$ cat model25.txt   # compact mmCIF, C-alpha atoms and all ligand atoms
# COMPACT_ATOMS: atom_id res chain seq x y z
CA MET P 159 29.44 -10.25 4.87
CA GLN P 160 26.60 -12.76 4.91
CA VAL P 161 23.51 -11.55 3.08
CA ILE P 162 20.09 -13.03 3.93
CA PRO P 163 17.51 -12.25 1.22
CA ILE P 164 14.21 -12.50 3.11
CA THR P 165 11.54 -14.58 1.36
CA PRO P 166 8.91 -13.69 0.32
CA ARG P 167 9.67 -10.11 -0.71
CA GLY P 168 8.84 -7.79 -3.59
CA TYR P 169 5.93 -7.79 -6.02
CA CYS P 170 2.59 -9.05 -4.71
CA PRO P 171 -0.19 -10.41 -6.97
CA GLY P 172 -2.09 -7.08 -6.84
CA VAL P 173 0.94 -5.17 -8.14
CA VAL P 174 1.66 -7.78 -10.82
CA LYS P 175 -1.94 -7.48 -12.01
CA ALA P 176 -1.90 -3.66 -12.05
CA ILE P 177 1.35 -3.56 -14.05
CA HIS P 178 -0.05 -6.14 -16.47
CA ILE P 179 -3.20 -4.04 -16.97
CA VAL P 180 -1.16 -0.93 -17.84
CA ASN P 181 1.05 -2.91 -20.23
CA GLU P 182 -2.05 -4.30 -21.94
CA ALA P 183 -3.52 -0.80 -22.27
CA ILE P 184 -0.31 0.50 -23.84
CA ALA P 185 -0.28 -2.41 -26.31
CA ASN P 186 -3.91 -1.93 -27.35
CA PRO P 187 -4.11 0.59 -30.24
CA LEU P 188 -7.92 0.63 -30.03
CA LEU P 189 -7.97 2.24 -26.58
CA PRO P 190 -8.71 5.98 -26.55
CA ARG P 191 -5.61 8.13 -26.00
CA PRO P 192 -4.12 9.65 -23.95
CA ILE P 193 -3.90 7.00 -21.25
CA TYR P 194 -3.99 8.53 -17.77
CA ILE P 195 -3.34 6.90 -14.40
CA LEU P 196 -5.12 8.54 -11.48
CA GLY P 197 -2.29 8.56 -8.94
CA MET P 198 0.78 6.28 -8.84
CA ILE P 199 -0.25 2.91 -10.35
CA VAL P 200 1.70 1.28 -7.50
CA HIS P 201 3.75 3.21 -4.98
CA ASN P 202 7.14 3.05 -6.64
CA ARG P 203 8.66 5.87 -8.68
CA PHE P 204 10.71 3.50 -10.88
CA VAL P 205 7.51 1.79 -12.02
CA VAL P 206 5.83 5.18 -12.58
CA ASP P 207 8.85 6.49 -14.55
CA HIS P 208 8.87 3.34 -16.69
CA PHE P 209 5.27 3.94 -17.78
CA THR P 210 5.85 7.69 -18.27
CA GLN P 211 8.57 6.79 -20.78
CA LYS P 212 5.99 4.70 -22.63
CA GLY P 213 3.66 7.70 -22.96
CA VAL P 214 1.30 7.04 -20.04
CA ILE P 215 0.41 10.17 -18.03
CA THR P 216 0.42 9.71 -14.26
CA LEU P 217 -1.58 12.42 -12.50
CA ASN P 218 -0.18 12.65 -9.01
CA ASP P 219 -0.64 15.82 -6.99
CA PRO P 220 -0.64 15.17 -3.23
CA HIS P 221 -2.74 18.32 -2.73
CA LYS P 222 -5.54 17.09 -5.00
CA SER P 223 -8.08 14.32 -4.47
CA ARG P 224 -8.75 11.75 -7.19
CA LEU P 225 -11.93 13.66 -8.06
CA GLU P 226 -10.00 16.92 -8.46
CA LEU P 227 -7.36 15.21 -10.62
CA LEU P 228 -10.14 14.12 -12.96
CA GLU P 229 -11.19 17.75 -13.60
CA ASP P 230 -8.42 18.32 -16.14
CA ILE P 231 -9.11 15.20 -18.23
CA THR P 232 -11.34 15.73 -21.24
CA GLN P 233 -10.62 12.66 -23.37
CA GLY P 234 -8.87 9.31 -23.38
CA SER P 235 -8.63 6.38 -20.97
CA VAL P 236 -8.32 6.54 -17.19
CA ILE P 237 -6.73 3.77 -15.13
CA ILE P 238 -7.70 3.37 -11.46
CA THR P 239 -4.68 2.30 -9.42
CA ALA P 240 -4.21 -0.90 -7.38
CA HIS P 241 -5.29 1.05 -4.27
CA GLY P 242 -8.83 1.51 -5.59
CA THR P 243 -10.85 4.68 -5.30
CA LEU P 244 -14.24 6.00 -4.23
CA PRO P 245 -17.48 5.30 -6.13
CA GLU P 246 -17.83 9.00 -7.09
CA VAL P 247 -14.62 8.76 -9.13
CA PHE P 248 -15.93 5.78 -11.12
CA ASN P 249 -19.20 7.67 -11.72
CA LYS P 250 -17.42 10.83 -12.83
CA ILE P 251 -15.18 8.95 -15.29
CA ARG P 252 -18.27 7.42 -16.89
CA ALA P 253 -20.19 10.72 -16.84
CA LYS P 254 -17.32 12.45 -18.67
CA GLY P 255 -17.42 9.78 -21.38
CA LEU P 256 -13.89 8.59 -20.62
CA HIS P 257 -12.78 4.98 -21.03
CA LEU P 258 -12.46 3.37 -17.59
CA ILE P 259 -9.82 0.74 -16.77
CA ASP P 260 -9.95 -0.60 -13.23
CA ALA P 261 -6.70 -1.99 -11.76
CA THR P 262 -8.02 -2.10 -8.18
CA CYS P 263 -6.48 -5.05 -6.30
CA LYS P 264 -9.06 -7.73 -5.49
CA ASP P 265 -8.10 -7.59 -1.80
CA VAL P 266 -8.89 -3.87 -1.67
CA ALA P 267 -12.14 -4.40 -3.56
CA LYS P 268 -13.13 -7.12 -1.07
CA THR P 269 -12.68 -4.70 1.86
CA HIS P 270 -14.78 -2.08 0.06
CA ASP P 271 -17.53 -4.65 -0.53
CA LEU P 272 -17.55 -5.59 3.15
CA ILE P 273 -17.89 -1.94 4.14
CA LYS P 274 -20.81 -1.51 1.73
CA ASP P 275 -22.55 -4.62 3.14
CA TYR P 276 -22.32 -3.43 6.73
CA LEU P 277 -23.35 0.15 5.91
CA ASN P 278 -26.43 -1.28 4.18
CA LYS P 279 -27.25 -3.18 7.37
CA GLY P 280 -27.18 0.10 9.32
CA TYR P 281 -23.78 -0.34 10.98
CA HIS P 282 -21.23 2.39 11.63
CA VAL P 283 -17.79 1.45 10.29
CA LEU P 284 -14.47 2.10 12.00
CA PHE P 285 -11.85 1.99 9.24
CA VAL P 286 -8.29 1.64 10.51
CA GLY P 287 -6.03 3.25 7.94
CA LYS P 288 -3.72 6.07 7.04
CA GLN P 289 -5.10 9.56 6.44
CA GLY P 290 -4.53 10.70 2.85
CA HIS P 291 -3.63 7.24 1.52
CA PRO P 292 -5.65 6.45 -1.64
CA GLU P 293 -6.93 3.19 -0.15
CA SER P 294 -8.31 5.04 2.88
CA GLU P 295 -9.71 7.78 0.64
CA GLY P 296 -11.54 5.09 -1.35
CA ALA P 297 -12.93 3.39 1.75
CA LEU P 298 -14.05 6.62 3.44
CA GLY P 299 -15.78 7.73 0.23
CA ILE P 300 -18.10 4.71 0.18
CA GLY P 301 -20.71 6.37 2.36
CA GLU P 302 -21.55 8.15 5.58
CA ASN P 303 -20.97 6.72 9.06
CA ILE P 304 -17.41 5.62 8.31
CA HIS P 305 -14.84 6.84 10.81
CA LEU P 306 -11.10 6.83 10.12
CA ILE P 307 -8.94 5.46 12.94
CA GLU P 308 -5.19 6.01 12.66
CA THR P 309 -4.17 5.66 16.30
CA ILE P 310 -5.51 4.43 19.63
CA ALA P 311 -6.08 8.10 20.58
CA ASP P 312 -8.52 8.43 17.65
CA ILE P 313 -10.74 5.74 19.21
CA ASP P 314 -10.93 7.60 22.52
CA GLN P 315 -11.58 10.93 20.80
CA LEU P 316 -14.44 9.60 18.70
CA PRO P 317 -17.89 10.76 19.92
CA ARG P 318 -19.59 7.70 21.48
CA ILE P 319 -21.31 5.55 18.82
CA ASP P 320 -24.53 3.83 19.91
CA ALA P 321 -25.18 1.96 16.64
CA ASN P 322 -23.80 -1.48 15.72
CA ILE P 323 -20.14 -1.25 14.78
CA PHE P 324 -18.14 -3.00 12.09
CA VAL P 325 -14.35 -2.63 12.13
CA THR P 326 -11.98 -3.21 9.24
CA ASN P 327 -8.73 -1.83 7.91
CA GLN P 328 -6.36 -0.81 5.14
CA THR P 329 -4.75 -3.92 3.63
CA THR P 330 -1.12 -2.86 4.13
CA LEU P 331 -0.96 -1.91 7.82
CA SER P 332 1.52 -3.27 10.34
CA ILE P 333 0.20 -6.53 11.84
CA ARG P 334 1.54 -5.51 15.26
CA ASP P 335 0.07 -1.95 15.23
CA LEU P 336 -3.26 -3.30 14.07
CA GLU P 337 -3.41 -5.90 16.87
CA LYS P 338 -3.07 -3.08 19.43
CA ILE P 339 -5.71 -0.90 17.78
CA PHE P 340 -8.18 -3.79 17.47
CA HIS P 341 -7.59 -4.69 21.11
CA HIS P 342 -8.39 -1.14 22.21
CA ILE P 343 -11.53 -1.09 20.08
CA THR P 344 -12.79 -4.25 21.79
CA LEU P 345 -12.31 -2.56 25.17
CA VAL P 346 -14.35 0.49 24.15
CA TYR P 347 -16.88 -1.32 21.93
CA PRO P 348 -17.04 -4.99 23.07
CA GLN P 349 -19.95 -5.62 20.69
CA ALA P 350 -17.98 -4.53 17.57
CA ILE P 351 -17.57 -7.02 14.72
CA ILE P 352 -13.92 -7.00 13.70
CA ASN P 353 -12.68 -8.13 10.30
CA ASP P 354 -8.90 -8.07 9.85
CA GLU P 355 -8.29 -7.28 6.17
CA ILE P 356 -4.49 -7.12 6.09
CA CYS P 357 -3.84 -8.88 2.81
CA ASN P 358 -1.99 -12.17 2.69
CA SER P 359 0.97 -10.67 0.79
CA THR P 360 1.49 -7.96 3.43
CA ARG P 361 1.11 -10.42 6.29
CA ILE P 362 3.58 -13.03 5.02
CA ARG P 363 6.19 -10.38 4.15
CA GLN P 364 5.93 -8.92 7.66
CA GLU P 365 6.01 -12.34 9.36
CA ALA P 366 9.11 -13.24 7.32
CA VAL P 367 10.89 -10.11 8.61
CA LEU P 368 9.99 -10.95 12.22
CA LYS P 369 11.30 -14.50 11.73
CA SER P 370 14.47 -13.72 9.75
CA ASN P 371 15.79 -10.79 11.76
CA HIS P 372 16.48 -12.53 15.07
CA ASP P 373 20.26 -12.74 14.57
CA VAL P 374 21.20 -10.19 11.91
CA ASP P 375 23.21 -7.01 12.52
CA LEU P 376 21.37 -4.91 9.97
CA CYS P 377 18.23 -4.97 7.84
CA ILE P 378 17.83 -3.14 4.54
CA VAL P 379 14.29 -2.56 3.25
CA VAL P 380 14.07 -1.61 -0.42
CA GLY P 381 11.12 0.45 -1.57
CA ASP P 382 9.57 3.82 -2.16
CA PRO P 383 8.76 6.07 0.83
CA HIS P 384 5.22 6.48 -0.61
CA SER P 385 4.64 2.76 -0.16
CA ASN P 386 2.77 2.00 3.03
CA ASN P 387 3.69 -1.69 3.07
CA THR P 388 7.39 -0.82 2.57
CA THR P 389 7.48 1.70 5.43
CA ASN P 390 5.66 -0.79 7.67
CA LEU P 391 8.24 -3.51 6.90
CA ALA P 392 10.97 -1.09 8.02
CA LYS P 393 9.05 -0.01 11.14
CA LEU P 394 8.33 -3.60 12.09
CA SER P 395 11.98 -4.59 11.72
CA LEU P 396 13.17 -1.63 13.77
CA ASN P 397 10.55 -1.70 16.51
CA HIS P 398 9.85 -5.42 16.86
CA THR P 399 13.19 -7.11 16.07
CA SER P 400 15.44 -4.36 17.50
CA THR P 401 17.55 -4.56 14.34
CA PRO P 402 19.17 -1.41 12.97
CA THR P 403 17.12 -0.89 9.81
CA TYR P 404 17.41 1.42 6.82
CA MET P 405 14.85 1.99 4.10
CA ILE P 406 16.33 2.75 0.68
CA GLU P 407 14.91 3.34 -2.79
CA SER P 408 17.85 1.79 -4.64
CA VAL P 409 21.45 0.63 -4.24
CA LEU P 410 22.58 4.26 -4.67
CA ASP P 411 21.19 5.12 -1.22
CA ILE P 412 23.39 2.67 0.69
CA GLN P 413 25.85 4.45 2.99
CA THR P 414 28.99 2.42 3.66
CA ALA P 415 29.05 3.74 7.25
CA TRP P 416 25.99 1.53 7.93
CA LEU P 417 28.01 -1.57 6.97
CA LYS P 418 30.91 -1.02 9.37
CA GLY P 419 31.44 -4.20 11.42
CA VAL P 420 28.29 -5.83 9.99
CA GLN P 421 28.62 -9.63 9.66
CA LYS P 422 25.08 -10.49 8.65
CA VAL P 423 22.57 -8.31 6.82
CA SER P 424 19.00 -9.15 5.80
CA VAL P 425 17.31 -7.63 2.76
CA THR P 426 13.62 -7.35 2.01
CA SER P 427 11.49 -5.16 -0.25
CA GLY P 428 8.00 -3.73 -0.44
CA ALA P 429 5.24 -5.26 -2.53
CA SER P 430 5.68 -2.60 -5.24
CA THR P 431 9.48 -2.73 -5.53
CA PRO P 432 10.79 -4.07 -8.88
CA THR P 433 12.82 -7.27 -8.50
CA GLU P 434 15.87 -5.89 -10.33
CA ILE P 435 16.16 -2.95 -7.90
CA THR P 436 16.33 -5.35 -4.93
CA ALA P 437 18.64 -7.73 -6.81
CA ALA P 438 21.15 -4.89 -7.32
CA VAL P 439 21.11 -4.18 -3.57
CA ILE P 440 21.70 -7.85 -2.74
CA GLN P 441 24.53 -8.09 -5.25
CA PHE P 442 26.20 -4.94 -3.90
CA LEU P 443 26.09 -6.26 -0.34
CA GLN P 444 27.38 -9.72 -1.36
CA ASN P 445 30.37 -8.13 -3.09
CA TYR P 446 31.03 -5.48 -0.45
CA GLN P 447 34.39 -5.59 1.33
CA GLU P 448 35.33 -3.19 4.10
S1 LIG Y 1 -0.21 -5.22 -1.02
FE1 LIG Y 1 -2.00 -6.55 -0.84
S2 LIG Y 1 -3.75 -5.19 -1.14
FE2 LIG Y 1 -1.95 -4.08 -1.89
S3 LIG Y 1 -1.87 -4.55 -4.08
FE3 LIG Y 1 -0.62 -6.09 -3.05
S4 LIG Y 1 -1.99 -7.86 -2.70
FE4 LIG Y 1 -3.25 -6.04 -3.12

$ encode --input "model25.txt" --output "structure tokens"
Amino acid sequence: MQVIPITPRGYCPGVVKAIHIVNEAIANPLLPRPIYILGMIVHNRFVVDHFTQKGVITLNDPHKSRLELLEDITQGSVIITAHGTLPEVFNKIRAKGLHLIDATCKDVAKTHDLIKDYLNKGYHVLFVGKQGHPESEGALGIGENIHLIETIADIDQLPRIDANIFVTNQTTLSIRDLEKIFHHITLVYPQAIINDEICNSTRIRQEAVLKSNHDVDLCIVVGDPHSNNTTNLAKLSLNHTSTPTYMIESVLDIQTAWLKGVQKVSVTSGASTPTEITAAVIQFLQNYQE
């Protein structure tokens, strides 16, 4: 079987930076303990488990907001994840006298700054993102007059906005889905200012899948189901390259039935997937014999 490792894949600069920040915190004996992370530092359970083994406490309850998670912390250091968070969370950490460590990716921070600028100019903001995702939660918490758009239907259901409109988005969306949503927004609000904020790492990983999958029999996407950029890589492969595609967390999830008659398989991974997890998948496929 021929294996095509798609390039680029795996860790993006924002994830590398976030992991580095946690490692530095662990190595610094002067930092107040315990060290908490508010949510998954990056959306991959192997990375989270690695830090748990080193004594870092990840607070991750899908039924609680970042603000609610903070309620239980009375001392120590709190790390904000790569996805960023809302200003109220930063304020509350400081108000509680906790030590704040910010691992927000610079691309996420840039989107938040843009939203702030346009709100200050009196604009309404349409934020295209995923409900419940920490990046969306952070963007929506910046102020009033921000409307979450997940689908084209959400645009039509929104009460008519007469103010100036600024449109931006979560950094890890599908480039193809976003094109369609932006197009529909321009039909309803031709005057809207649109700023595509899909980050460069997400874009080049998605474009590489579109380019590499034109003649493969199967595509394997390695990553955690919590990871938005991983699930979008898989969706893009399936829906826009018509390639049978499976998303797996590790080599243990591969089902040999998928490989029956497969001559050529491509492999990619989300921006938060550790390199060694993907390498094990590639090695398994290279050695596989029916
Ligand atoms: S996927 Fe993009 S926005 Fe998210 S952490 Fe990586 S570089 Fe930053």

$ atom_distance --input "model25.txt" --atom1 "CA of Phe204 in chain P" --atom2 "atom S3 of ligand LIG 1 (chain Y)"
16.4 Å

$ atom_distance --input "model25.txt" --atom1 "CA of Ile251 in chain P" --atom2 "CA of Arg203 in chain P"
24.9 Å

$ residues_near_ligand --input "model25.txt" --ligand "ligand LIG 1 (chain Y)" --cutoff "12 Å" --atoms "only C-alpha atoms and all ligand atoms" --output "ChimeraX atom specification"
/P:167-177,199-201,239-242,261-270,291-294,327-332,355-364,385-388,390-391,427-431

$ write_last_selection --input "model25.txt" --atoms "C-alpha atoms" --output "short mmCIF file (atom, residue, chain, number, x, y, z; two decimals), keeping the file's coordinate frame"
data_model
loop_
_atom_site.label_atom_id
_atom_site.label_comp_id
_atom_site.auth_asym_id
_atom_site.auth_seq_id
_atom_site.Cartn_x
_atom_site.Cartn_y
_atom_site.Cartn_z
CA ARG P 167 9.67 -10.11 -0.71
CA GLY P 168 8.84 -7.79 -3.59
CA TYR P 169 5.93 -7.79 -6.02
CA CYS P 170 2.59 -9.05 -4.71
CA PRO P 171 -0.19 -10.41 -6.97
CA GLY P 172 -2.09 -7.08 -6.84
CA VAL P 173 0.94 -5.17 -8.14
CA VAL P 174 1.66 -7.78 -10.82
CA LYS P 175 -1.94 -7.48 -12.01
CA ALA P 176 -1.90 -3.66 -12.05
CA ILE P 177 1.35 -3.56 -14.05
CA ILE P 199 -0.25 2.91 -10.35
CA VAL P 200 1.70 1.28 -7.50
CA HIS P 201 3.75 3.21 -4.98
CA THR P 239 -4.68 2.30 -9.42
CA ALA P 240 -4.21 -0.90 -7.38
CA HIS P 241 -5.29 1.05 -4.27
CA GLY P 242 -8.83 1.51 -5.59
CA ALA P 261 -6.70 -1.99 -11.76
CA THR P 262 -8.02 -2.10 -8.18
CA CYS P 263 -6.48 -5.05 -6.30
CA LYS P 264 -9.06 -7.73 -5.49
CA ASP P 265 -8.10 -7.59 -1.80
CA VAL P 266 -8.89 -3.87 -1.67
CA ALA P 267 -12.14 -4.40 -3.56
CA LYS P 268 -13.13 -7.12 -1.07
CA THR P 269 -12.68 -4.70 1.86
CA HIS P 270 -14.78 -2.08 0.06
CA HIS P 291 -3.63 7.24 1.52
CA PRO P 292 -5.65 6.45 -1.64
CA GLU P 293 -6.93 3.19 -0.15
CA SER P 294 -8.31 5.04 2.88
CA ASN P 327 -8.73 -1.83 7.91
CA GLN P 328 -6.36 -0.81 5.14
CA THR P 329 -4.75 -3.92 3.63
CA THR P 330 -1.12 -2.86 4.13
CA LEU P 331 -0.96 -1.91 7.82
CA SER P 332 1.52 -3.27 10.34
CA GLU P 355 -8.29 -7.28 6.17
CA ILE P 356 -4.49 -7.12 6.09
CA CYS P 357 -3.84 -8.88 2.81
CA ASN P 358 -1.99 -12.17 2.69
CA SER P 359 0.97 -10.67 0.79
CA THR P 360 1.49 -7.96 3.43
CA ARG P 361 1.11 -10.42 6.29
CA ILE P 362 3.58 -13.03 5.02
CA ARG P 363 6.19 -10.38 4.15
CA GLN P 364 5.93 -8.92 7.66
CA SER P 385 4.64 2.76 -0.16
CA ASN P 386 2.77 2.00 3.03
CA ASN P 387 3.69 -1.69 3.07
CA THR P 388 7.39 -0.82 2.57
CA ASN P 390 5.66 -0.79 7.67
CA LEU P 391 8.24 -3.51 6.90
CA SER P 427 11.49 -5.16 -0.25
CA GLY P 428 8.00 -3.73 -0.44
CA ALA P 429 5.24 -5.26 -2.53
CA SER P 430 5.68 -2.60 -5.24
CA THR P 431 9.48 -2.73 -5.53
#

$ closest_residue --input "model25.txt" --among "P:Thr401, P:Met159, P:Leu188, P:Ala297" --to "Leu417 in chain P" --atoms "only C-alpha atoms"
P:Met159

$ residues_around --input "model25.txt" --residues "Ala392 in chain P" --least-positions-apart "2" --cutoff "8 Å" --atoms "all atoms listed in the file" --output "PyMOL selection string"
chain P and resi 378-379+388-390+394-396+403-405

$ residues_around --input "model25.txt" --residues "Val214 in chain P" --least-positions-apart "2" --cutoff "6 Å" --atoms "only C-alpha atoms" --output "list in words"
Ile193, Tyr194, Phe209, Thr210 and Lys212 of chain P

$ residues_around --input "model25.txt" --residues "Ile351 in chain P" --least-positions-apart "5" --cutoff "8 Å" --atoms "all atoms listed in the file" --output "PDB file with C-alpha atoms, keeping the file's coordinate frame"
ATOM      1  CA  ILE P 323     -20.140  -1.250  14.780  1.00  0.00           C
ATOM      2  CA  PHE P 324     -18.140  -3.000  12.090  1.00  0.00           C
ATOM      3  CA  VAL P 325     -14.350  -2.630  12.130  1.00  0.00           C
TER       4      VAL P 325
END

$ atom_distance --input "model25.txt" --atom1 "CA of Asp375 in chain P" --atom2 "CA of Val425 in chain P"
11.4 Å

$ residues_around --input "model25.txt" --residues "range 275-278 of chain P" --least-positions-apart "2" --cutoff "12 Å" --atoms "only C-alpha atoms" --output "ChimeraX atom specification"
/P:268-273,280-284,297-298,300-305,321-326,350-353

$ closest_residue --input "model25.txt" --among "P:Ile343, P:Val286, P:Ile164, P:Ile184" --to "Val374 in chain P" --atoms "only C-alpha atoms"
P:Ile164

$ closest_residue --input "model25.txt" --among "P:Val180, P:His341, P:Pro402, P:Ile238" --to "Asp373 in chain P" --atoms "only C-alpha atoms"
P:Pro402

$ residues_around --input "model25.txt" --residues "Ser370 in chain P" --least-positions-apart "2" --cutoff "9 Å" --atoms "all atoms listed in the file" --output "MDAnalysis selection string"
chainID P and resid 162 164:165 365:368 372:374 424

$ axis_aligned_box --input "model25.txt" --around "range 373-386 of chain P" --padding-each-side "6 Å" --output "AutoDock Vina command-line options"
--center_x 13.0 --center_y -3.1 --center_z 6.2 --size_x 32.4 --size_y 31.2 --size_z 28.7

$ closest_residue --input "model25.txt" --among "P:Glu246, P:Asp354, P:Asp382, P:Glu182" --to "Ile435 in chain P" --atoms "only C-alpha atoms"
P:Asp382

$ decode --input "model25.txt" --residues "range 207-221 of chain P" --atoms "N, CA and C atoms" --output "tab-separated table (two decimals), in the first residue's frame"
chain	number	residue	atom	x	y	z
P	207	ASP	N	-3.47	14.57	28.91
P	207	ASP	CA	-3.04	13.50	29.83
P	207	ASP	C	-1.56	13.67	30.21
P	208	HIS	N	-0.75	14.06	29.23
P	208	HIS	CA	0.68	14.26	29.47
P	208	HIS	C	0.88	15.30	30.60
P	209	PHE	N	0.14	16.41	30.51
P	209	PHE	CA	0.32	17.45	31.53
P	209	PHE	C	-0.31	17.04	32.87
P	210	THR	N	-1.38	16.25	32.82
P	210	THR	CA	-1.99	15.77	34.07
P	210	THR	C	-0.96	14.94	34.84
P	211	GLN	N	-0.22	14.10	34.09
P	211	GLN	CA	0.81	13.27	34.74
P	211	GLN	C	1.91	14.12	35.38
P	212	LYS	N	2.07	15.34	34.88
P	212	LYS	CA	3.10	16.22	35.45
P	212	LYS	C	2.53	17.11	36.55
P	213	GLY	N	1.29	16.84	36.97
P	213	GLY	CA	0.71	17.55	38.12
P	213	GLY	C	-0.14	18.76	37.77
P	214	VAL	N	-0.32	19.03	36.48
P	214	VAL	CA	-1.16	20.18	36.09
P	214	VAL	C	-2.62	19.74	36.10
P	215	ILE	N	-3.49	20.61	36.64
P	215	ILE	CA	-4.92	20.25	36.74
P	215	ILE	C	-5.69	20.91	35.60
P	216	THR	N	-6.24	20.09	34.71
P	216	THR	CA	-7.07	20.62	33.63
P	216	THR	C	-8.52	20.61	34.09
P	217	LEU	N	-9.15	21.78	34.11
P	217	LEU	CA	-10.57	21.86	34.47
P	217	LEU	C	-11.36	21.85	33.17
P	218	ASN	N	-12.11	20.80	32.95
P	218	ASN	CA	-12.80	20.69	31.67
P	218	ASN	C	-14.16	20.02	31.86
P	219	ASP	N	-15.16	20.84	32.09
P	219	ASP	CA	-16.53	20.33	32.24
P	219	ASP	C	-17.36	20.98	31.14
P	220	PRO	N	-17.81	20.16	30.15
P	220	PRO	CA	-18.53	20.76	29.02
P	220	PRO	C	-19.82	21.48	29.43
P	221	HIS	N	-20.30	21.22	30.66
P	221	HIS	CA	-21.53	21.88	31.10
P	221	HIS	C	-21.25	23.20	31.82
